$ cat my_file.txt   # compact mmCIF, C-alpha atoms
# COMPACT_ATOMS: atom_id res chain seq x y z
CA MET H 6 -4.22 110.87 28.16
CA CYS H 7 -5.27 108.75 31.14
CA LEU H 8 -6.39 105.90 28.86
CA ALA H 9 -3.04 106.02 27.05
CA LEU H 10 -1.15 105.78 30.34
CA LEU H 11 -3.24 102.81 31.47
CA THR H 12 -2.68 101.06 28.15
CA LEU H 13 1.05 101.70 28.53
CA ALA H 14 0.92 100.26 32.07
CA VAL H 15 -0.54 97.03 30.69
CA SER H 16 1.97 96.83 27.85
CA LEU H 17 4.86 97.23 30.31
CA LEU H 18 3.77 93.95 31.93
CA LYS H 19 3.92 92.03 28.65
CA CYS H 20 6.97 90.04 27.59
CA SER H 21 6.48 91.47 24.11
CA HIS H 22 7.52 94.92 25.36
CA PRO H 23 11.09 95.71 24.16
CA SER H 24 12.30 96.40 27.70
CA LEU H 25 11.26 92.90 28.84
CA VAL H 26 12.36 90.70 25.95
CA ALA H 27 15.73 89.89 27.53
CA VAL H 28 14.30 89.44 31.04
CA CYS H 29 11.58 87.06 29.87
CA GLY H 30 14.03 85.20 27.65
CA ALA H 31 16.42 84.56 30.56
CA TRP H 32 13.47 83.45 32.71
CA ARG H 33 12.30 80.99 30.05
CA ASP H 34 15.83 79.60 29.76
CA SER H 35 15.81 78.78 33.48
CA VAL H 36 12.34 77.24 33.25
CA ASN H 37 13.41 75.09 30.30
CA GLU H 38 16.54 73.98 32.15
CA PHE H 39 14.51 72.92 35.19
CA HIS H 40 11.96 71.06 33.07
CA ALA H 41 14.81 69.30 31.30
CA LEU H 42 15.92 68.08 34.74
CA ILE H 43 12.42 66.75 35.43
CA HIS H 44 12.29 65.02 32.05
CA ARG H 45 15.69 63.43 32.55
CA THR H 46 14.46 62.05 35.85
CA GLN H 47 10.94 61.08 34.84
CA ALA H 48 11.39 60.04 31.21
CA PRO H 49 14.20 57.49 30.91
CA ALA H 50 15.71 56.73 27.51
CA PRO H 51 14.42 53.58 25.74
CA ILE H 52 17.55 51.65 26.70
CA GLU H 53 16.79 52.43 30.35
CA CYS H 54 13.24 51.18 29.93
CA ALA H 55 14.66 47.90 28.69
CA ALA H 56 17.02 47.76 31.65
CA ALA H 57 14.04 48.30 33.96
CA ARG H 58 12.92 44.74 33.30
CA SER H 59 15.93 43.57 35.27
CA GLY H 60 15.12 45.96 38.12
CA CYS H 61 17.67 48.69 37.46
CA PHE H 62 17.74 51.84 35.36
CA ARG H 63 21.09 52.65 33.78
CA ASP H 64 22.23 56.24 34.09
CA GLY H 65 25.20 55.92 31.76
CA PRO H 66 28.23 53.91 30.70
CA ASP H 67 29.45 53.59 34.30
CA CYS H 68 26.41 51.36 34.98
CA SER H 69 25.30 53.41 37.96
CA CYS H 70 21.67 52.72 38.75
CA ARG H 71 18.74 55.08 38.62
CA ARG H 72 17.08 55.11 42.02
CA VAL H 73 13.31 55.07 42.41
CA LEU H 74 10.81 56.63 44.81
CA GLU H 75 7.68 54.50 44.55
CA VAL H 76 4.63 56.42 45.76
CA ALA H 77 1.27 55.05 46.86
CA VAL H 78 -1.54 57.49 47.55
CA GLY H 79 -4.40 56.75 49.91
CA SER H 80 -7.65 58.66 50.38
CA LEU H 81 -7.10 62.41 50.15
CA ASP H 82 -9.93 64.86 50.75
CA GLY H 83 -9.80 67.23 47.85
CA PHE H 84 -8.83 67.50 44.20
CA ALA H 85 -6.22 70.20 44.84
CA LEU H 86 -4.82 68.21 47.77
CA GLU H 87 -4.27 65.26 45.45
CA ALA H 88 -2.47 67.47 42.93
CA GLN H 89 -0.38 69.15 45.63
CA THR H 90 0.52 65.80 47.22
CA LEU H 91 1.84 64.52 43.91
CA GLY H 92 3.82 67.76 43.57
CA ARG H 93 5.35 67.33 47.01
CA ALA H 94 6.28 63.73 46.23
CA MET H 95 7.94 64.73 42.96
CA ARG H 96 9.82 67.51 44.74
CA MET H 97 11.12 64.93 47.18
CA ALA H 98 12.09 62.61 44.33
CA LEU H 99 14.04 65.39 42.61
CA ALA H 100 15.69 66.39 45.90
CA THR H 101 16.92 62.85 46.53
CA GLY H 102 17.88 62.05 42.93
CA ARG H 103 15.11 59.53 42.41
CA MET H 104 12.51 58.91 39.75
CA MET H 105 8.98 59.19 41.13
CA LEU H 106 6.75 56.24 40.24
CA LEU H 107 3.07 56.12 41.12
CA GLN H 108 1.59 52.72 41.74
CA PRO H 109 -0.25 51.88 38.50
CA SER H 110 -3.32 50.84 40.49
CA TRP H 111 -3.77 54.25 42.10
CA CYS H 112 -6.89 56.10 41.02
CA SER H 113 -8.07 59.55 42.08
CA ASN H 114 -11.03 59.80 44.42
CA TYR H 115 -12.54 62.26 41.96
CA ALA H 116 -12.99 59.56 39.33
CA LEU H 117 -16.38 57.95 39.13
CA PRO H 118 -16.74 54.90 41.42
CA ALA H 119 -16.91 52.44 38.53
CA SER H 120 -13.33 53.26 37.56
CA ARG H 121 -11.90 52.49 41.01
CA ASP H 122 -12.44 48.74 41.22
CA GLY H 123 -9.73 47.91 38.68
CA ARG H 124 -12.08 45.79 36.57
CA THR H 125 -14.31 48.24 34.73
CA ASN H 126 -13.64 51.37 32.74
CA SER H 127 -17.08 52.94 32.48
CA SER H 128 -15.92 56.28 33.86
CA PRO H 129 -15.67 58.99 31.17
CA TRP H 130 -12.25 59.97 32.49
CA GLY H 131 -10.72 56.83 33.91
CA CYS H 132 -8.32 57.53 36.74
CA VAL H 133 -8.02 61.30 36.22
CA TRP H 134 -4.23 61.75 36.17
CA ALA H 135 -1.89 60.59 33.45
CA HIS H 136 1.21 58.92 34.83
CA ALA H 137 4.25 61.16 34.81
CA ASN H 138 6.59 58.50 33.44
CA ALA H 139 7.32 57.68 29.84
CA CYS H 140 8.30 54.16 30.84
CA PRO H 141 5.84 51.80 32.59
CA TYR H 142 7.86 50.20 35.35
CA THR H 143 6.91 48.69 38.69
CA PRO H 144 9.92 48.01 40.93
CA PRO H 145 10.00 44.44 42.20
CA ARG H 146 8.85 43.86 45.76
CA GLY H 147 11.71 43.90 48.22
CA GLY H 148 13.98 45.99 45.99
CA ALA H 149 15.79 45.32 42.75
CA ARG H 150 16.83 41.74 42.04
CA HIS H 151 20.06 42.60 40.27
CA ASP H 152 23.10 44.78 40.80
CA VAL H 153 22.18 45.87 44.36
CA GLY H 154 25.73 45.33 45.60
CA ARG H 155 27.21 46.96 42.53
CA CYS H 156 24.98 50.02 42.91
CA ALA H 157 25.82 50.37 46.59
CA LYS H 158 29.51 50.16 45.76
CA GLU H 159 29.13 52.78 43.04
CA TRP H 160 27.25 55.04 45.46
CA SER H 161 30.00 54.71 48.05
CA ARG H 162 32.60 55.62 45.45
CA LEU H 163 30.70 58.75 44.44
CA HIS H 164 29.65 59.72 47.99
CA PRO H 165 32.46 58.56 50.30
CA PHE H 166 31.31 60.72 53.22
CA ALA H 167 27.59 60.02 52.97
CA GLY H 168 27.29 57.61 55.91
CA ILE H 169 23.64 57.00 55.10
CA SER H 170 21.67 55.18 57.78
CA ALA H 171 18.14 53.83 57.80
CA LYS H 172 17.00 56.21 60.53
CA SER H 173 15.28 59.57 60.32
CA SER H 174 16.39 62.81 61.92
CA ALA H 175 14.06 65.63 62.86
CA PHE H 176 14.52 67.15 59.41
CA PHE H 177 15.52 64.42 56.96
CA ASN H 178 14.46 60.84 56.41
CA THR H 179 17.98 59.90 55.43
CA ARG H 180 17.16 56.56 53.84
CA PHE H 181 15.52 58.37 50.89
CA HIS H 182 18.91 59.96 50.17
CA GLY H 183 20.78 56.63 50.30
CA PRO H 184 21.97 54.15 47.69
CA SER H 185 19.04 51.70 47.76
CA LEU H 186 17.38 51.37 44.38
CA VAL H 187 13.79 51.46 45.61
CA GLN H 188 12.29 53.45 48.45
CA ARG H 189 8.54 53.44 49.04
CA LEU H 190 6.42 56.30 50.28
CA PHE H 191 2.79 56.14 51.37
CA LEU H 192 0.78 59.36 51.39
CA GLY H 193 -2.46 59.22 53.34
CA ASP H 194 -5.06 61.69 54.55
CA PHE H 195 -4.69 64.50 57.06
CA GLU H 196 -7.27 64.97 59.77
CA GLU H 197 -7.37 66.95 63.02
CA GLY H 198 -3.68 67.80 63.06
CA ARG H 199 -2.39 64.26 62.48
CA PHE H 200 -2.16 61.87 59.58
CA PHE H 201 -5.10 59.51 59.48
CA ILE H 202 -5.07 56.09 57.83
CA ASN H 203 -8.27 54.13 57.29
CA LYS H 204 -8.29 50.33 57.10
CA TYR H 205 -7.69 50.25 53.35
CA ASP H 206 -4.87 52.78 53.57
CA LEU H 207 -3.26 51.06 56.56
CA ALA H 208 -3.14 47.77 54.66
CA LEU H 209 -1.65 49.60 51.69
CA ALA H 210 0.94 51.30 53.89
CA LYS H 211 1.98 47.95 55.33
CA ARG H 212 2.32 46.47 51.84
CA MET H 213 4.47 49.46 50.92
CA GLY H 214 6.76 48.56 53.80
CA GLY H 215 6.25 51.80 55.72
CA GLY H 216 8.23 54.79 54.59
CA GLY H 217 5.37 57.25 54.49
CA MET H 218 2.86 59.06 56.61
CA GLY H 219 0.85 57.30 59.28
CA GLU H 220 0.82 55.58 62.61
CA GLU H 221 3.12 52.73 61.59
CA ALA H 222 5.33 54.51 59.07
CA ASP H 223 8.23 56.90 59.09
CA PRO H 224 7.44 60.60 58.66
CA ILE H 225 8.06 62.37 55.39
CA PRO H 226 11.08 64.68 55.66
CA LYS H 227 10.04 68.10 56.87
CA ASP H 228 12.54 69.69 54.53
CA ASP H 229 13.54 68.26 51.17
CA PRO H 230 15.31 71.03 49.24
CA VAL H 231 15.94 70.97 45.52
CA PRO H 232 19.40 72.45 45.28
CA HIS H 233 20.28 74.77 43.74
CA TRP H 234 16.94 75.77 42.29
CA GLU H 235 15.30 76.81 45.53
CA ARG H 236 18.28 78.90 46.50
CA ARG H 237 18.01 80.74 43.18
CA TYR H 238 14.26 81.02 42.69
CA GLY H 239 12.50 79.99 45.90
CA SER H 240 10.02 77.31 46.93
CA PHE H 241 7.07 78.84 45.09
CA TRP H 242 8.89 78.81 41.76
CA VAL H 243 9.97 75.17 42.17
CA ARG H 244 6.48 74.01 43.17
CA ALA H 245 4.91 76.00 40.33
CA GLN H 246 7.12 74.32 37.73
CA ILE H 247 6.51 70.86 39.19
CA GLN H 248 2.72 71.36 39.23
CA HIS H 249 2.91 72.64 35.66
CA PHE H 250 4.66 69.42 34.66
CA LEU H 251 2.12 67.26 36.50
CA TRP H 252 -0.97 69.10 35.17
CA ARG H 253 -1.75 66.35 32.70
CA PRO H 254 -5.20 64.76 32.86
CA ALA H 255 -5.60 61.22 31.62
CA PRO H 256 -6.68 61.18 27.93
CA PRO H 257 -10.43 60.54 28.51
CA LEU H 258 -10.60 63.38 31.05
CA ALA H 259 -8.55 65.64 28.76
CA GLN H 260 -11.17 65.10 26.04
CA ALA H 261 -14.02 65.86 28.45
CA LEU H 262 -12.18 68.96 29.63
CA ALA H 263 -11.50 70.26 26.12
CA SER H 264 -15.24 70.28 25.36
CA HIS H 265 -16.27 71.70 28.75
CA PRO H 266 -18.24 74.98 28.36
CA VAL H 267 -15.94 76.80 30.83
CA VAL H 268 -12.75 75.84 29.00
CA SER H 269 -14.32 76.72 25.65
CA HIS H 270 -15.32 80.16 26.96
CA VAL H 271 -11.84 80.83 28.36
CA GLN H 272 -10.31 79.82 25.05
CA ARG H 273 -12.53 82.32 23.22
CA LEU H 274 -11.40 85.07 25.61
CA ARG H 275 -7.74 84.26 25.03
CA ASN H 276 -8.16 84.00 21.26
CA SER H 277 -9.78 87.45 21.22
CA GLY H 278 -7.01 88.94 23.36
CA GLU H 279 -9.51 89.95 26.07
CA LEU H 280 -8.05 90.05 29.56
CA PHE H 281 -9.97 88.51 32.46
CA ILE H 282 -9.70 88.25 36.25
CA GLY H 283 -10.10 84.98 38.13
CA PHE H 284 -11.86 84.96 41.50
CA HIS H 285 -11.65 81.93 43.77
CA ILE H 286 -14.06 82.25 46.71
CA ARG H 287 -14.22 79.37 49.16
CA TYR H 288 -17.16 80.23 51.40
CA THR H 289 -18.68 77.06 52.81
CA ASP H 290 -17.06 74.29 54.83
CA ASN H 291 -13.74 76.01 55.52
CA ILE H 292 -15.18 79.15 57.13
CA PRO H 293 -14.74 77.65 60.66
CA ASP H 294 -11.18 76.63 59.70
CA LEU H 295 -10.34 80.21 58.70
CA LEU H 296 -11.46 81.47 62.10
CA ARG H 297 -9.70 78.68 64.02
CA ASP H 298 -6.42 78.60 62.09
CA PHE H 299 -5.96 82.24 61.12
CA GLY H 300 -8.31 84.25 63.35
CA ARG H 301 -10.17 85.65 60.33
CA ASN H 302 -13.90 86.31 59.99
CA ALA H 303 -14.83 85.12 56.51
CA SER H 304 -17.98 87.26 56.40
CA VAL H 305 -15.61 90.26 56.43
CA THR H 306 -12.45 89.13 54.65
CA ARG H 307 -14.34 87.16 51.99
CA ALA H 308 -17.27 89.47 51.46
CA PHE H 309 -18.03 89.66 47.75
CA GLU H 310 -17.64 93.43 47.87
CA HIS H 311 -14.07 92.93 49.11
CA TYR H 312 -13.25 90.91 46.01
CA MET H 313 -14.88 93.50 43.76
CA LYS H 314 -12.77 96.24 45.32
CA LYS H 315 -9.68 94.26 44.27
CA ALA H 316 -11.12 93.93 40.76
CA VAL H 317 -11.73 97.68 40.57
CA ASP H 318 -8.15 98.31 41.73
CA ILE H 319 -6.83 96.00 38.99
CA ARG H 320 -8.97 97.65 36.33
CA SER H 321 -8.07 101.18 37.35
CA SER H 322 -4.36 100.78 37.99
CA LEU H 323 -3.25 98.02 35.64
CA ALA H 324 -5.64 96.55 33.14
CA SER H 325 -7.53 99.19 31.20
CA GLY H 326 -10.63 97.65 29.66
CA VAL H 327 -10.89 94.56 31.87
CA ARG H 328 -14.54 93.70 32.38
CA THR H 329 -14.74 89.89 32.60
CA ILE H 330 -14.41 87.95 35.86
CA TYR H 331 -14.34 84.17 36.09
CA LEU H 332 -15.94 83.18 39.40
CA ALA H 333 -14.90 79.83 40.87
CA THR H 334 -16.83 79.23 44.07
CA ASP H 335 -18.37 76.46 46.12
CA SER H 336 -20.98 78.86 47.50
CA ALA H 337 -24.48 79.44 46.11
CA HIS H 338 -24.52 82.69 48.10
CA MET H 339 -21.50 84.06 46.24
CA LEU H 340 -23.04 83.08 42.92
CA ARG H 341 -26.16 85.11 43.77
CA LYS H 342 -24.02 88.08 44.82
CA SER H 343 -22.32 88.11 41.41
CA GLN H 344 -25.74 88.37 39.71
CA GLU H 345 -26.71 91.68 41.34
CA ASP H 346 -27.60 94.47 38.90
CA ARG H 347 -25.05 96.91 40.30
CA TRP H 348 -22.13 94.99 38.81
CA VAL H 349 -23.66 95.09 35.32
CA LYS H 350 -24.14 98.83 35.71
CA ASP H 351 -20.44 99.14 36.58
CA GLY H 352 -19.52 97.30 33.40
CA TRP H 353 -18.65 93.87 34.84
CA SER H 354 -19.47 90.54 33.25
CA PHE H 355 -19.23 87.24 35.15
CA VAL H 356 -18.51 83.76 33.89
CA HIS H 357 -18.97 80.69 36.07
CA ASN H 358 -19.34 76.94 35.89
CA PHE H 359 -23.05 76.06 35.77
CA GLN H 360 -22.27 72.37 36.30
CA ALA H 361 -20.30 72.68 39.56
CA VAL H 362 -21.58 71.37 42.89
CA ARG H 363 -22.31 74.24 45.30
CA SER H 364 -23.44 74.45 48.91
CA THR H 365 -25.71 76.73 50.91
CA SER H 366 -24.18 75.91 54.33
CA THR H 367 -20.88 75.45 56.14
CA GLU H 368 -21.37 71.68 56.37
CA PHE H 369 -18.23 69.69 55.60
CA MET H 370 -18.32 68.67 51.92
CA TRP H 371 -16.60 65.28 52.11
CA PHE H 372 -15.77 64.35 48.53
CA LYS H 373 -16.98 60.76 48.77
CA GLN H 374 -20.54 61.99 49.33
CA HIS H 375 -20.61 65.23 47.35
CA ARG H 376 -17.74 65.41 44.90
CA VAL H 377 -17.03 61.94 43.49
CA GLY H 378 -17.19 62.21 39.72
CA GLU H 379 -16.59 65.97 39.81
CA ALA H 380 -13.12 65.80 38.26
CA ALA H 381 -14.12 67.59 35.04
CA ASN H 382 -15.92 70.40 36.85
CA VAL H 383 -13.24 70.99 39.47
CA MET H 384 -10.50 70.82 36.87
CA ALA H 385 -12.39 73.24 34.61
CA ASP H 386 -12.47 75.79 37.44
CA VAL H 387 -8.74 75.40 38.07
CA GLU H 388 -7.99 75.52 34.34
CA ALA H 389 -9.85 78.83 34.03
CA LEU H 390 -7.89 80.23 36.99
CA ARG H 391 -4.67 78.88 35.49
CA GLN H 392 -5.18 80.96 32.36
CA ALA H 393 -6.57 84.14 33.99
CA ASP H 394 -4.53 87.32 33.60
CA PHE H 395 -5.05 88.24 37.26
CA LEU H 396 -6.09 86.19 40.30
CA VAL H 397 -7.80 87.09 43.57
CA GLY H 398 -8.39 84.53 46.33
CA SER H 399 -7.32 83.19 49.69
CA PHE H 400 -4.08 81.25 50.11
CA GLN H 401 -5.76 79.39 52.95
CA SER H 402 -7.37 77.33 50.21
CA ASN H 403 -5.41 74.53 48.58
CA VAL H 404 -7.27 75.20 45.34
CA TYR H 405 -6.14 78.83 45.23
CA ARG H 406 -2.56 77.91 46.08
CA LEU H 407 -2.62 75.36 43.24
CA ALA H 408 -4.20 77.88 40.87
CA ALA H 409 -1.55 80.48 41.76
CA GLU H 410 1.25 77.98 41.10
CA LEU H 411 -0.20 76.88 37.76
CA ASN H 412 -0.97 80.46 36.71
CA SER H 413 2.57 81.60 37.46
CA ALA H 414 4.08 78.76 35.43
CA PHE H 415 1.60 79.36 32.59
CA HIS H 416 2.16 83.13 32.23
CA ASP H 417 5.42 84.26 33.87
CA GLY H 418 8.21 84.86 31.40
CA ILE H 419 5.88 83.89 28.53
CA THR H 420 2.95 86.31 28.54
CA TYR H 421 3.90 88.59 31.41
CA SER H 422 7.03 89.81 33.13
CA PRO H 423 7.97 87.32 35.86
CA HIS H 424 8.30 90.29 38.22
CA SER H 425 4.80 91.69 37.68
CA GLN H 426 2.21 91.47 40.44
CA ARG H 427 -0.82 89.66 39.08
CA ILE H 428 -1.79 87.24 41.87
CA PHE H 429 -3.42 88.82 44.91
CA PRO H 430 -4.33 87.39 48.34
CA ILE H 431 -7.73 88.53 49.59
CA GLU H 432 -6.31 88.31 53.13
CA PRO H 433 -2.96 90.15 52.81
CA THR H 434 -1.54 88.56 55.96
CA ILE H 435 -2.09 85.01 54.63
CA GLU H 436 0.54 84.48 51.95
CA TRP H 437 1.34 81.42 49.86
CA TYR H 438 2.74 78.45 51.76
CA ALA H 439 3.52 74.85 50.86
CA ASP H 440 0.98 72.42 52.33
CA PRO H 441 1.51 69.61 51.69
$ encode --input "my_file.txt" --output "structure tokens"
Amino acid sequence: MCLALLTLAVSLLKCSHPSLVAVCGAWRDSVNEFHALIHRTQAPAPIECAAARSGCFRDGPDCSCRRVLEVAVGSLDGFALEAQTLGRAMRMALATGRMMLLQPSWCSNYALPASRDGRTNSSPWGCVWAHANACPYTPPRGGARHDVGRCAKEWSRLHPFAGISAKSSAFFNTRFHGPSLVQRLFLGDFEEGRFFINKYDLALAKRMGGGGMGEEADPIPKDDPVPHWERRYGSFWVRAQIQHFLWRPAPPLAQALASHPVVSHVQRLRNSGELFIGFHIRYTDNIPDLLRDFGRNASVTRAFEHYMKKAVDIRSSLASGVRTIYLATDSAHMLRKSQEDRWVKDGWSFVHNFQAVRSTSTEFMWFKQHRVGEAANVMADVEALRQADFLVGSFQSNVYRLAAELNSAFHDGITYSPHSQRIFPIEPTIEWYADP
């Protein structure tokens, strides 16, 4: 009787259950509508690609011009931070009616060094991220060469009360909302409560003409809403859909990822219909940050036993038969904890990435020394978390926030009811937040 009730509890979460077919269908319709908006913005029609050669995208027969947000990315400490930064930039582009364009020369810091000099391509995964645009286009320096006056006139006709200036307020950088065809944004690194630009990044920011983060550039708007989507579904939903759209590794990395042992194992689990839980345990260089920023003692809140209690709760109250846990961690200590005999006796089986770099201390793991070339391993961890049926981790971590966003977009309204609770914070008082 109890087993039957637990099985029923799991089935009630699934979109295949008769009571959820309509709910999940309506949810998918909204998702598809939002992604159509992204595609209209990021994937111009062929005729627009041709028009790009003259410096202006054509939106339609009225010859109004498609406006562009050109983004340059400097050094960012962390794979998830790179992904989240691109998501924030695309959110801003959508909010201001612009197409986001990454500088073609930009290359992730997680690519191997040989792929970053622009001359060689010996890295097995090139520059990590595939560009989000269907049309290769680099806006001319100094703005579009043609139709600037015509576009400004068209903008004024459509927005007679705009009164756009070149100055920023405390909440909006108004020039991004204005009629100019090209606006440039530089995104640099964040350090000690302020945006830090090294010599390379400062030179890049100057070439971009300001308009980004840093000592000599305008600040990014603190609030860049995507009406009406955020009013309807909230910030988390919007970010989740954007990150889902952007989760596209460059072809060489995609090939390396497809053959990665972790991804292959996860695929076998999904093909067999076996549910699994994803743990993300950050337990090295951000332990002091957790204490400083949130007043939390990681040895208590992130004790392995605390995670296992969550897993037992999931198994007993929701997912009858769950026994597999994917463990994504940067800590050798947590890996050893998962190998204790007591968990096997309780019927648990752990999967983890044998190739990942792990630490035995709280020393800061700066990616340039310890993580360069780790794109496939880091992405394999996030991919496993993306596909997990349930997640447990700390929203203090950018990786877990990214995993939660991707997991929600992957499952909600497709596999599971969008209203089911499947993603759990290990510290209940630290909920999801957008940063960047």
$ closest_residue --input "my_file.txt" --among "H:Arg328, H:His182, H:Arg320, H:Arg253" --to "Val356 (chain H)" --atoms "all atoms listed in the file"
H:Arg328
$ atom_distance --input "my_file.txt" --atom1 "CA of Leu81 (chain H)" --atom2 "CA of Cys112 (chain H)"
11.1 Å
$ closest_residue --input "my_file.txt" --among "H:Leu396, H:Leu91, H:Val36, H:Leu106" --to "Leu74 (chain H)" --atoms "only C-alpha atoms"
H:Leu106
$ atom_distance --input "my_file.txt" --atom1 "CA of Gln392 (chain H)" --atom2 "CA of Thr334 (chain H)"
16.6 Å
$ atom_distance --input "my_file.txt" --atom1 "CA of Phe429 (chain H)" --atom2 "CA of Met97 (chain H)"
28.1 Å
$ closest_residue --input "my_file.txt" --among "H:Val268, H:Asp440, H:His424, H:Gln47" --to "Tyr238 (chain H)" --atoms "all atoms listed in the file"
H:His424
$ residues_around --input "my_file.txt" --residues "Met313 (chain H)" --least-positions-apart "5" --cutoff "10 Å" --atoms "only C-alpha atoms" --output "PyMOL selection string"
chain H and resi 284+308+318-319+330+343+348+353+397
$ residues_around --input "my_file.txt" --residues "Gly418 (chain H)" --least-positions-apart "2" --cutoff "6 Å" --atoms "all atoms listed in the file" --output "MDAnalysis selection string"
chainID H and resid 29 32:33 421:423
$ write_last_selection --input "my_file.txt" --atoms "C-alpha atoms" --output "PDB file, in the coordinates of the input"
ATOM      1  CA  CYS H  29      11.580  87.060  29.870  1.00  0.00           C
ATOM      2  CA  TRP H  32      13.470  83.450  32.710  1.00  0.00           C
ATOM      3  CA  ARG H  33      12.300  80.990  30.050  1.00  0.00           C
ATOM      4  CA  TYR H 421       3.900  88.590  31.410  1.00  0.00           C
ATOM      5  CA  SER H 422       7.030  89.810  33.130  1.00  0.00           C
ATOM      6  CA  PRO H 423       7.970  87.320  35.860  1.00  0.00           C
TER       7      PRO H 423
END
